[in-house]
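S.K.: The following file, protein-v9.tsv, comprises TSV, C-alpha atoms and all ligand atoms:
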```tsv
chain	number	residue	atom	x	y	z
A	1	MET	CA	-88.65	-88.11	-44.41
A	2	ASN	CA	-87.21	-86.57	-41.32
A	3	ASN	CA	-89.56	-86.62	-38.36
A	4	LYS	CA	-87.46	-84.21	-36.34
A	5	GLN	CA	-86.59	-80.96	-38.01
A	6	GLN	CA	-82.98	-79.98	-37.50
A	7	ARG	CA	-81.55	-76.48	-37.41
A	8	VAL	CA	-78.41	-76.22	-39.50
A	9	LEU	CA	-75.93	-73.35	-39.59
A	10	VAL	CA	-73.25	-73.09	-42.28
A	11	VAL	CA	-70.41	-70.65	-41.58
A	12	ALA	CA	-68.41	-69.84	-44.74
A	13	ALA	CA	-65.57	-67.37	-45.04
A	14	HIS	CA	-66.26	-66.55	-48.69
A	15	ALA	CA	-69.19	-66.87	-51.07
A	16	ASP	CA	-68.52	-70.18	-52.90
A	17	ASP	CA	-66.98	-72.01	-49.90
A	18	GLU	CA	-70.45	-73.13	-48.82
A	19	VAL	CA	-71.09	-74.79	-52.20
A	20	LEU	CA	-67.63	-76.31	-52.54
A	21	GLY	CA	-67.66	-77.60	-48.98
A	22	CYS	CA	-71.22	-78.72	-48.37
A	23	GLY	CA	-73.52	-77.47	-51.17
A	24	ALA	CA	-75.20	-80.80	-51.79
A	25	THR	CA	-75.48	-81.53	-48.07
A	26	ILE	CA	-77.28	-78.18	-47.69
A	27	ALA	CA	-79.68	-79.17	-50.50
A	28	LYS	CA	-80.23	-82.53	-48.76
A	29	HIS	CA	-81.03	-80.85	-45.42
A	30	ILE	CA	-83.52	-78.63	-47.20
A	31	ALA	CA	-85.12	-81.62	-48.93
A	32	ASN	CA	-85.44	-83.15	-45.43
A	33	GLN	CA	-87.27	-79.98	-44.36
A	34	ASP	CA	-84.52	-78.91	-41.99
A	35	LYS	CA	-84.05	-75.20	-41.28
A	36	VAL	CA	-80.81	-73.99	-42.89
A	37	LYS	CA	-79.06	-70.67	-42.41
A	38	VAL	CA	-75.84	-69.74	-44.22
A	39	ILE	CA	-73.58	-66.93	-43.09
A	40	PHE	CA	-70.66	-65.46	-45.02
A	41	MET	CA	-67.93	-63.78	-43.01
A	42	THR	CA	-66.13	-61.61	-45.61
A	43	ASP	CA	-67.20	-58.86	-47.95
A	44	GLY	CA	-65.45	-60.45	-50.94
A	45	VAL	CA	-63.96	-57.10	-51.90
A	46	GLY	CA	-60.95	-56.33	-49.73
A	47	ALA	CA	-58.29	-58.30	-51.57
A	48	ARG	CA	-59.46	-56.89	-54.86
A	49	ASP	CA	-59.40	-53.16	-54.17
A	50	ASN	CA	-59.93	-52.20	-57.76
A	51	SER	CA	-63.20	-54.13	-57.97
A	52	SER	CA	-65.92	-52.07	-59.56
A	53	VAL	CA	-69.54	-51.67	-58.58
A	54	GLN	CA	-70.39	-54.02	-61.44
A	55	GLU	CA	-68.08	-56.70	-60.08
A	56	SER	CA	-69.60	-56.31	-56.64
A	57	GLN	CA	-73.11	-56.60	-58.10
A	58	ALA	CA	-72.04	-59.65	-60.09
A	59	ARG	CA	-70.79	-61.32	-56.91
A	60	THR	CA	-74.05	-60.56	-55.11
A	61	LEU	CA	-76.01	-62.01	-58.03
A	62	ALA	CA	-73.82	-65.14	-58.05
A	63	LEU	CA	-74.43	-65.64	-54.33
A	64	THR	CA	-78.19	-65.14	-54.71
A	65	ASN	CA	-78.33	-67.62	-57.59
A	66	ALA	CA	-76.30	-70.18	-55.65
A	67	MET	CA	-78.62	-69.88	-52.64
A	68	THR	CA	-81.64	-70.30	-54.93
A	69	ALA	CA	-80.12	-73.40	-56.56
A	70	LEU	CA	-79.67	-74.99	-53.13
A	71	GLY	CA	-83.07	-73.83	-51.85
A	72	VAL	CA	-81.64	-71.57	-49.13
A	73	THR	CA	-83.75	-68.57	-48.20
A	74	ASP	CA	-82.04	-67.60	-44.94
A	75	TYR	CA	-78.55	-66.19	-45.43
A	76	GLN	CA	-76.54	-63.26	-44.17
A	77	CYS	CA	-73.27	-61.55	-45.16
A	78	PHE	CA	-70.83	-59.93	-42.77
A	79	ASP	CA	-68.18	-57.54	-44.01
A	80	PHE	CA	-64.92	-58.72	-42.51
A	81	PRO	CA	-62.06	-57.96	-44.93
A	82	ASP	CA	-61.54	-60.58	-47.64
A	83	ASN	CA	-58.28	-62.50	-47.24
A	84	GLN	CA	-57.39	-60.23	-44.33
A	85	MET	CA	-59.47	-61.57	-41.48
A	86	ASP	CA	-56.22	-61.67	-39.50
A	87	THR	CA	-56.33	-57.85	-39.39
A	88	VAL	CA	-59.42	-57.82	-37.14
A	89	SER	CA	-59.74	-59.19	-33.63
A	90	LEU	CA	-60.85	-62.80	-33.25
A	91	LEU	CA	-63.23	-61.61	-30.55
A	92	SER	CA	-65.14	-59.36	-32.96
A	93	ILE	CA	-65.65	-62.33	-35.32
A	94	VAL	CA	-66.63	-64.67	-32.49
A	95	LYS	CA	-69.21	-62.16	-31.25
A	96	GLU	CA	-70.99	-62.05	-34.62
A	97	ILE	CA	-71.15	-65.84	-34.78
A	98	GLU	CA	-72.29	-66.07	-31.16
A	99	GLN	CA	-75.08	-63.63	-31.91
A	100	VAL	CA	-76.27	-65.71	-34.88
A	101	ILE	CA	-76.15	-68.90	-32.79
A	102	ALA	CA	-78.04	-67.27	-29.91
A	103	GLU	CA	-80.82	-66.22	-32.29
A	104	PHE	CA	-80.92	-69.20	-34.68
A	105	GLN	CA	-80.18	-71.98	-32.12
A	106	PRO	CA	-78.61	-74.45	-34.56
A	107	SER	CA	-78.02	-78.06	-33.53
A	108	ILE	CA	-75.56	-78.71	-36.39
A	109	VAL	CA	-72.80	-76.39	-37.58
A	110	TYR	CA	-70.77	-76.85	-40.76
A	111	SER	CA	-67.66	-74.75	-41.23
A	112	HIS	CA	-64.05	-74.69	-42.38
A	113	PHE	CA	-61.28	-77.14	-41.59
A	114	GLY	CA	-58.83	-75.57	-39.14
A	115	HIS	CA	-55.69	-76.18	-41.21
A	116	ASP	CA	-56.61	-74.82	-44.63
A	117	LEU	CA	-54.05	-72.75	-46.51
A	118	ASN	CA	-56.43	-69.79	-46.63
A	119	ILE	CA	-56.12	-67.55	-43.58
A	120	ASP	CA	-59.83	-66.60	-43.55
A	121	HIS	CA	-60.75	-70.29	-43.44
A	122	ARG	CA	-58.49	-70.92	-40.46
A	123	ILE	CA	-59.77	-67.88	-38.58
A	124	THR	CA	-63.40	-68.75	-39.33
A	125	HIS	CA	-62.78	-72.25	-37.97
A	126	GLN	CA	-61.22	-70.82	-34.81
A	127	ALA	CA	-64.10	-68.38	-34.35
A	128	VAL	CA	-66.69	-71.13	-34.82
A	129	MET	CA	-65.00	-73.41	-32.28
A	130	THR	CA	-64.82	-70.52	-29.83
A	131	ALA	CA	-68.48	-69.57	-30.37
A	132	CYS	CA	-69.47	-73.23	-29.90
A	133	ARG	CA	-67.81	-73.90	-26.56
A	134	PRO	CA	-69.76	-76.84	-25.14
A	135	ILE	CA	-71.27	-75.21	-22.10
A	136	LYS	CA	-74.51	-76.39	-20.49
A	137	GLY	CA	-77.56	-75.50	-22.54
A	138	HIS	CA	-75.67	-74.71	-25.74
A	139	SER	CA	-77.74	-75.58	-28.81
A	140	VAL	CA	-74.88	-76.94	-30.96
A	141	LYS	CA	-74.53	-80.74	-30.75
A	142	LYS	CA	-72.57	-81.48	-33.90
A	143	ILE	CA	-69.70	-79.56	-35.53
A	144	LEU	CA	-68.41	-80.74	-38.90
A	145	SER	CA	-65.53	-79.33	-40.96
A	146	PHE	CA	-65.76	-79.33	-44.74
A	147	GLU	CA	-62.98	-79.37	-47.32
A	148	VAL	CA	-62.53	-76.61	-49.89
A	149	LEU	CA	-60.53	-77.49	-52.97
A	150	SER	CA	-57.52	-75.23	-53.63
A	151	SER	CA	-57.19	-74.54	-49.92
A	152	THR	CA	-57.60	-77.69	-47.82
A	153	GLU	CA	-55.24	-79.77	-49.98
A	154	TRP	CA	-52.79	-76.91	-50.54
A	155	GLN	CA	-51.60	-76.51	-46.95
A	156	SER	CA	-48.03	-77.47	-46.13
A	157	ALA	CA	-47.17	-81.10	-45.47
A	158	SER	CA	-46.30	-80.28	-41.87
A	159	ALA	CA	-49.88	-79.22	-41.06
A	160	PRO	CA	-52.43	-81.83	-39.94
A	161	SER	CA	-54.26	-83.21	-42.97
A	162	PHE	CA	-58.03	-83.39	-43.47
A	163	LYS	CA	-59.30	-86.76	-42.26
A	164	PRO	CA	-62.97	-87.15	-43.11
A	165	GLN	CA	-65.00	-89.60	-41.03
A	166	TYR	CA	-68.54	-88.31	-41.64
A	167	ILE	CA	-69.74	-89.13	-45.13
A	168	VAL	CA	-72.95	-87.77	-46.66
A	169	ASN	CA	-74.43	-89.53	-49.69
A	170	ILE	CA	-75.21	-86.71	-52.11
A	171	SER	CA	-75.82	-88.75	-55.28
A	172	GLN	CA	-79.32	-87.34	-55.59
A	173	PHE	CA	-78.22	-83.76	-54.86
A	174	TRP	CA	-75.18	-83.49	-57.14
A	175	PRO	CA	-77.19	-81.68	-59.88
A	176	GLN	CA	-78.10	-78.94	-57.39
A	177	LYS	CA	-74.49	-78.55	-56.32
A	178	LEU	CA	-73.45	-78.33	-59.96
A	179	GLN	CA	-76.07	-75.67	-60.65
A	180	ALA	CA	-74.94	-73.65	-57.61
A	181	LEU	CA	-71.30	-74.00	-58.71
A	182	GLN	CA	-72.16	-72.71	-62.14
A	183	SER	CA	-73.42	-69.47	-60.62
A	184	TYR	CA	-69.91	-69.03	-59.16
A	185	GLN	CA	-68.36	-69.41	-62.62
A	186	GLN	CA	-66.03	-66.47	-61.87
A	187	GLU	CA	-64.44	-68.36	-58.99
A	188	LEU	CA	-63.85	-71.54	-60.99
A	189	ARG	CA	-60.68	-72.26	-62.96
A	190	ALA	CA	-59.79	-74.35	-65.99
A	191	PHE	CA	-58.86	-78.02	-65.47
A	192	PRO	CA	-56.36	-79.21	-64.19
A	193	HIS	CA	-56.70	-76.48	-61.52
A	194	SER	CA	-58.17	-78.12	-58.42
A	195	ARG	CA	-61.01	-75.57	-58.35
A	196	SER	CA	-62.30	-76.73	-61.74
A	197	LEU	CA	-65.65	-78.43	-62.27
A	198	GLU	CA	-63.81	-81.59	-63.35
A	199	CYS	CA	-61.82	-81.76	-60.12
A	200	ILE	CA	-64.79	-80.86	-57.91
A	201	GLU	CA	-66.76	-83.72	-59.49
A	202	ALA	CA	-63.74	-86.03	-59.18
A	203	LEU	CA	-63.54	-85.34	-55.43
A	204	ALA	CA	-67.29	-85.96	-54.99
A	205	THR	CA	-66.89	-89.24	-56.91
A	206	LEU	CA	-63.83	-90.26	-54.88
A	207	ARG	CA	-65.52	-89.46	-51.55
A	208	GLY	CA	-68.61	-91.31	-52.72
A	209	ALA	CA	-67.08	-94.39	-54.27
A	210	SER	CA	-64.69	-94.80	-51.33
A	211	HIS	CA	-67.80	-95.43	-49.24
A	212	GLY	CA	-70.14	-97.23	-51.62
A	213	PHE	CA	-71.98	-94.14	-52.90
A	214	GLU	CA	-71.92	-92.57	-56.34
A	215	LYS	CA	-71.20	-89.12	-54.93
A	216	ALA	CA	-70.49	-87.86	-51.42
A	217	GLU	CA	-69.39	-84.86	-49.41
A	218	ALA	CA	-67.04	-85.75	-46.59
A	219	PHE	CA	-66.51	-84.00	-43.29
A	220	GLN	CA	-64.10	-84.12	-40.41
A	221	VAL	CA	-65.89	-84.46	-37.10
A	222	GLU	CA	-64.92	-81.70	-34.68
A	223	ARG	CA	-67.47	-82.64	-32.06
A	224	ILE	CA	-70.60	-84.73	-31.62
A	225	LEU	CA	-72.55	-84.54	-28.37
A	226	ALA	CA	-74.97	-87.41	-27.84
A	227	GLN	CA	-77.62	-87.15	-25.16
B	1	ZN	ZN	-62.77	-69.42	-49.13
```
Could you rewrite the structure in this file as structure tokens?
Ligand SMILES: [Zn+2]
M.R.:
Amino acid sequence: MNNKQQRVLVVAAHADDEVLGCGATIAKHIANQDKVKVIFMTDGVGARDNSSVQESQARTLALTNAMTALGVTDYQCFDFPDNQMDTVSLLSIVKEIEQVIAEFQPSIVYSHFGHDLNIDHRITHQAVMTACRPIKGHSVKKILSFEVLSSTEWQSASAPSFKPQYIVNISQFWPQKLQALQSYQQELRAFPHSRSLECIEALATLRGASHGFEKAEAFQVERILAQ
């Protein structure tokens, strides 16, 4: 068991990115009695203007169920426009993240890879890196980027590719990730789409077995500050 409790912030653009990217790692932090906060940047409505109240309620329920499956009690949703975060100023996004960091004082931050196909992912990454400038006294010591299937691997070949170097053994926590994924059933697609349960499990198996684990989540290191 962990003798030093860590404070972990997860910054996701959309509800489901947190589970796809680091759901089992979140469950592992919670099992280690770390303090975990998850923030969602978009309202999940904007790109689907005809979404009804029922759809909106269904999305809220899915998010709540996913958080419960992972054991997260501290989470917050912002309302930046879904798939249109490029229509608001980067500064306004950075300020919200800075505010959360100032209050929560995380030592570890998980967020998006900076070269995903999805524009909200790229902007969220940029905002996180800006909010985490390594100035004296800043709480954040470790920044890790996660991969999101059907975005990270879909970027053009000319963009830098995701190169994970930080591997978390999630063998024990895969069932929790699966349960959380099932609450986002609406966001999943039929195999062989890359956002299918089969492909998500295949990636976890590949990341795991490539490093001697049954299942893993893999991260690209953006920064680690060692004292
Ligand atoms: Zn997303």
S.K.: Could I get the residues of chain A with an atom no further than 12 Å from an atom of ligand ZN 1 (chain B), each paired with its nearest atom pair and that distance in Å to one decimal, using only C-alpha atoms and all ligand atoms, sorted by chain and residue number, as JSON lines?
M.R.:
```
{"residue": "A:Val11", "atom": "CA", "partner": "B:ZN1", "partner_atom": "ZN", "distance": 10.8}
{"residue": "A:Ala12", "atom": "CA", "partner": "B:ZN1", "partner_atom": "ZN", "distance": 7.2}
{"residue": "A:Ala13", "atom": "CA", "partner": "B:ZN1", "partner_atom": "ZN", "distance": 5.4}
{"residue": "A:His14", "atom": "CA", "partner": "B:ZN1", "partner_atom": "ZN", "distance": 4.5}
{"residue": "A:Ala15", "atom": "CA", "partner": "B:ZN1", "partner_atom": "ZN", "distance": 7.2}
{"residue": "A:Asp16", "atom": "CA", "partner": "B:ZN1", "partner_atom": "ZN", "distance": 6.9}
{"residue": "A:Asp17", "atom": "CA", "partner": "B:ZN1", "partner_atom": "ZN", "distance": 5.0}
{"residue": "A:Glu18", "atom": "CA", "partner": "B:ZN1", "partner_atom": "ZN", "distance": 8.5}
{"residue": "A:Val19", "atom": "CA", "partner": "B:ZN1", "partner_atom": "ZN", "distance": 10.4}
{"residue": "A:Leu20", "atom": "CA", "partner": "B:ZN1", "partner_atom": "ZN", "distance": 9.1}
{"residue": "A:Gly21", "atom": "CA", "partner": "B:ZN1", "partner_atom": "ZN", "distance": 9.5}
{"residue": "A:Phe40", "atom": "CA", "partner": "B:ZN1", "partner_atom": "ZN", "distance": 9.7}
{"residue": "A:Met41", "atom": "CA", "partner": "B:ZN1", "partner_atom": "ZN", "distance": 9.8}
{"residue": "A:Thr42", "atom": "CA", "partner": "B:ZN1", "partner_atom": "ZN", "distance": 9.2}
{"residue": "A:Asp43", "atom": "CA", "partner": "B:ZN1", "partner_atom": "ZN", "distance": 11.5}
{"residue": "A:Gly44", "atom": "CA", "partner": "B:ZN1", "partner_atom": "ZN", "distance": 9.5}
{"residue": "A:Asp82", "atom": "CA", "partner": "B:ZN1", "partner_atom": "ZN", "distance": 9.0}
{"residue": "A:Asn83", "atom": "CA", "partner": "B:ZN1", "partner_atom": "ZN", "distance": 8.5}
{"residue": "A:Gln84", "atom": "CA", "partner": "B:ZN1", "partner_atom": "ZN", "distance": 11.7}
{"residue": "A:Met85", "atom": "CA", "partner": "B:ZN1", "partner_atom": "ZN", "distance": 11.4}
{"residue": "A:Ser111", "atom": "CA", "partner": "B:ZN1", "partner_atom": "ZN", "distance": 10.7}
{"residue": "A:His112", "atom": "CA", "partner": "B:ZN1", "partner_atom": "ZN", "distance": 8.7}
{"residue": "A:Phe113", "atom": "CA", "partner": "B:ZN1", "partner_atom": "ZN", "distance": 10.9}
{"residue": "A:Asp116", "atom": "CA", "partner": "B:ZN1", "partner_atom": "ZN", "distance": 9.3}
{"residue": "A:Leu117", "atom": "CA", "partner": "B:ZN1", "partner_atom": "ZN", "distance": 9.7}
{"residue": "A:Asn118", "atom": "CA", "partner": "B:ZN1", "partner_atom": "ZN", "distance": 6.8}
{"residue": "A:Ile119", "atom": "CA", "partner": "B:ZN1", "partner_atom": "ZN", "distance": 8.9}
{"residue": "A:Asp120", "atom": "CA", "partner": "B:ZN1", "partner_atom": "ZN", "distance": 6.9}
{"residue": "A:His121", "atom": "CA", "partner": "B:ZN1", "partner_atom": "ZN", "distance": 6.1}
{"residue": "A:Arg122", "atom": "CA", "partner": "B:ZN1", "partner_atom": "ZN", "distance": 9.8}
{"residue": "A:Ile123", "atom": "CA", "partner": "B:ZN1", "partner_atom": "ZN", "distance": 11.1}
{"residue": "A:Thr124", "atom": "CA", "partner": "B:ZN1", "partner_atom": "ZN", "distance": 9.8}
{"residue": "A:His125", "atom": "CA", "partner": "B:ZN1", "partner_atom": "ZN", "distance": 11.5}
{"residue": "A:Phe146", "atom": "CA", "partner": "B:ZN1", "partner_atom": "ZN", "distance": 11.2}
{"residue": "A:Glu147", "atom": "CA", "partner": "B:ZN1", "partner_atom": "ZN", "distance": 10.1}
{"residue": "A:Val148", "atom": "CA", "partner": "B:ZN1", "partner_atom": "ZN", "distance": 7.2}
{"residue": "A:Leu149", "atom": "CA", "partner": "B:ZN1", "partner_atom": "ZN", "distance": 9.2}
{"residue": "A:Ser150", "atom": "CA", "partner": "B:ZN1", "partner_atom": "ZN", "distance": 9.0}
{"residue": "A:Ser151", "atom": "CA", "partner": "B:ZN1", "partner_atom": "ZN", "distance": 7.6}
{"residue": "A:Thr152", "atom": "CA", "partner": "B:ZN1", "partner_atom": "ZN", "distance": 9.8}
{"residue": "A:Glu187", "atom": "CA", "partner": "B:ZN1", "partner_atom": "ZN", "distance": 10.1}
{"residue": "A:Arg195", "atom": "CA", "partner": "B:ZN1", "partner_atom": "ZN", "distance": 11.2}
```
S.K.: At a cut-off of 10 Å from (-73.8, -79.4, -59.7) in the coordinates of the file, what residues are picked up using all atoms listed in the file, written as a list in words?
M.R.: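 Collected hits near the coordinates: Val19, Leu20, Gly23, Ala24, Ala69, Leu70, Phe173, Trp174, Pro175, Gln176, Lys177, Leu178, Gln179, Ala180, Leu181, Gln182, Ser183, Leu197, Ile200 and Glu201 of chain A.
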S.K.: So how far away is CA of Val221 (chain A) from CA of Leu144 (chain A), in Å?
M.R.: 4.8 Å
S.K.: For each of A:Ser139, A:Gln57, A:Gln155, A:Thr25, take the minimum atom-to-atom distance to Ile167 (chain A), counting all atoms listed in the file, then give the residue where this is smallest.
M.R.: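 Closest candidate: A:Thr25.
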S.K.: Return the single residue from A:Arg189, A:Arg133, A:Lys163, A:Lys35 that is closest to Arg223 (chain A), with distances computed using all atoms listed in the file.
M.R.: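 Once distances to Arg223 (chain A) are computed over all atoms listed in the file, the minimum belongs to A:Arg133.
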S.K.: Of the residues A:Val36, A:Ser52, A:Ile93, A:Gln99, which is the one nearest to Asp74 (chain A), using all atoms listed in the file?
M.R.: A:Val36
S.K.: When distances are computed from all atoms listed in the file, which of A:Ser89, A:Gln6, A:Ser194, A:Gln172 shows the smallest separation from Lys215 (chain A)?
M.R.: A:Gln172
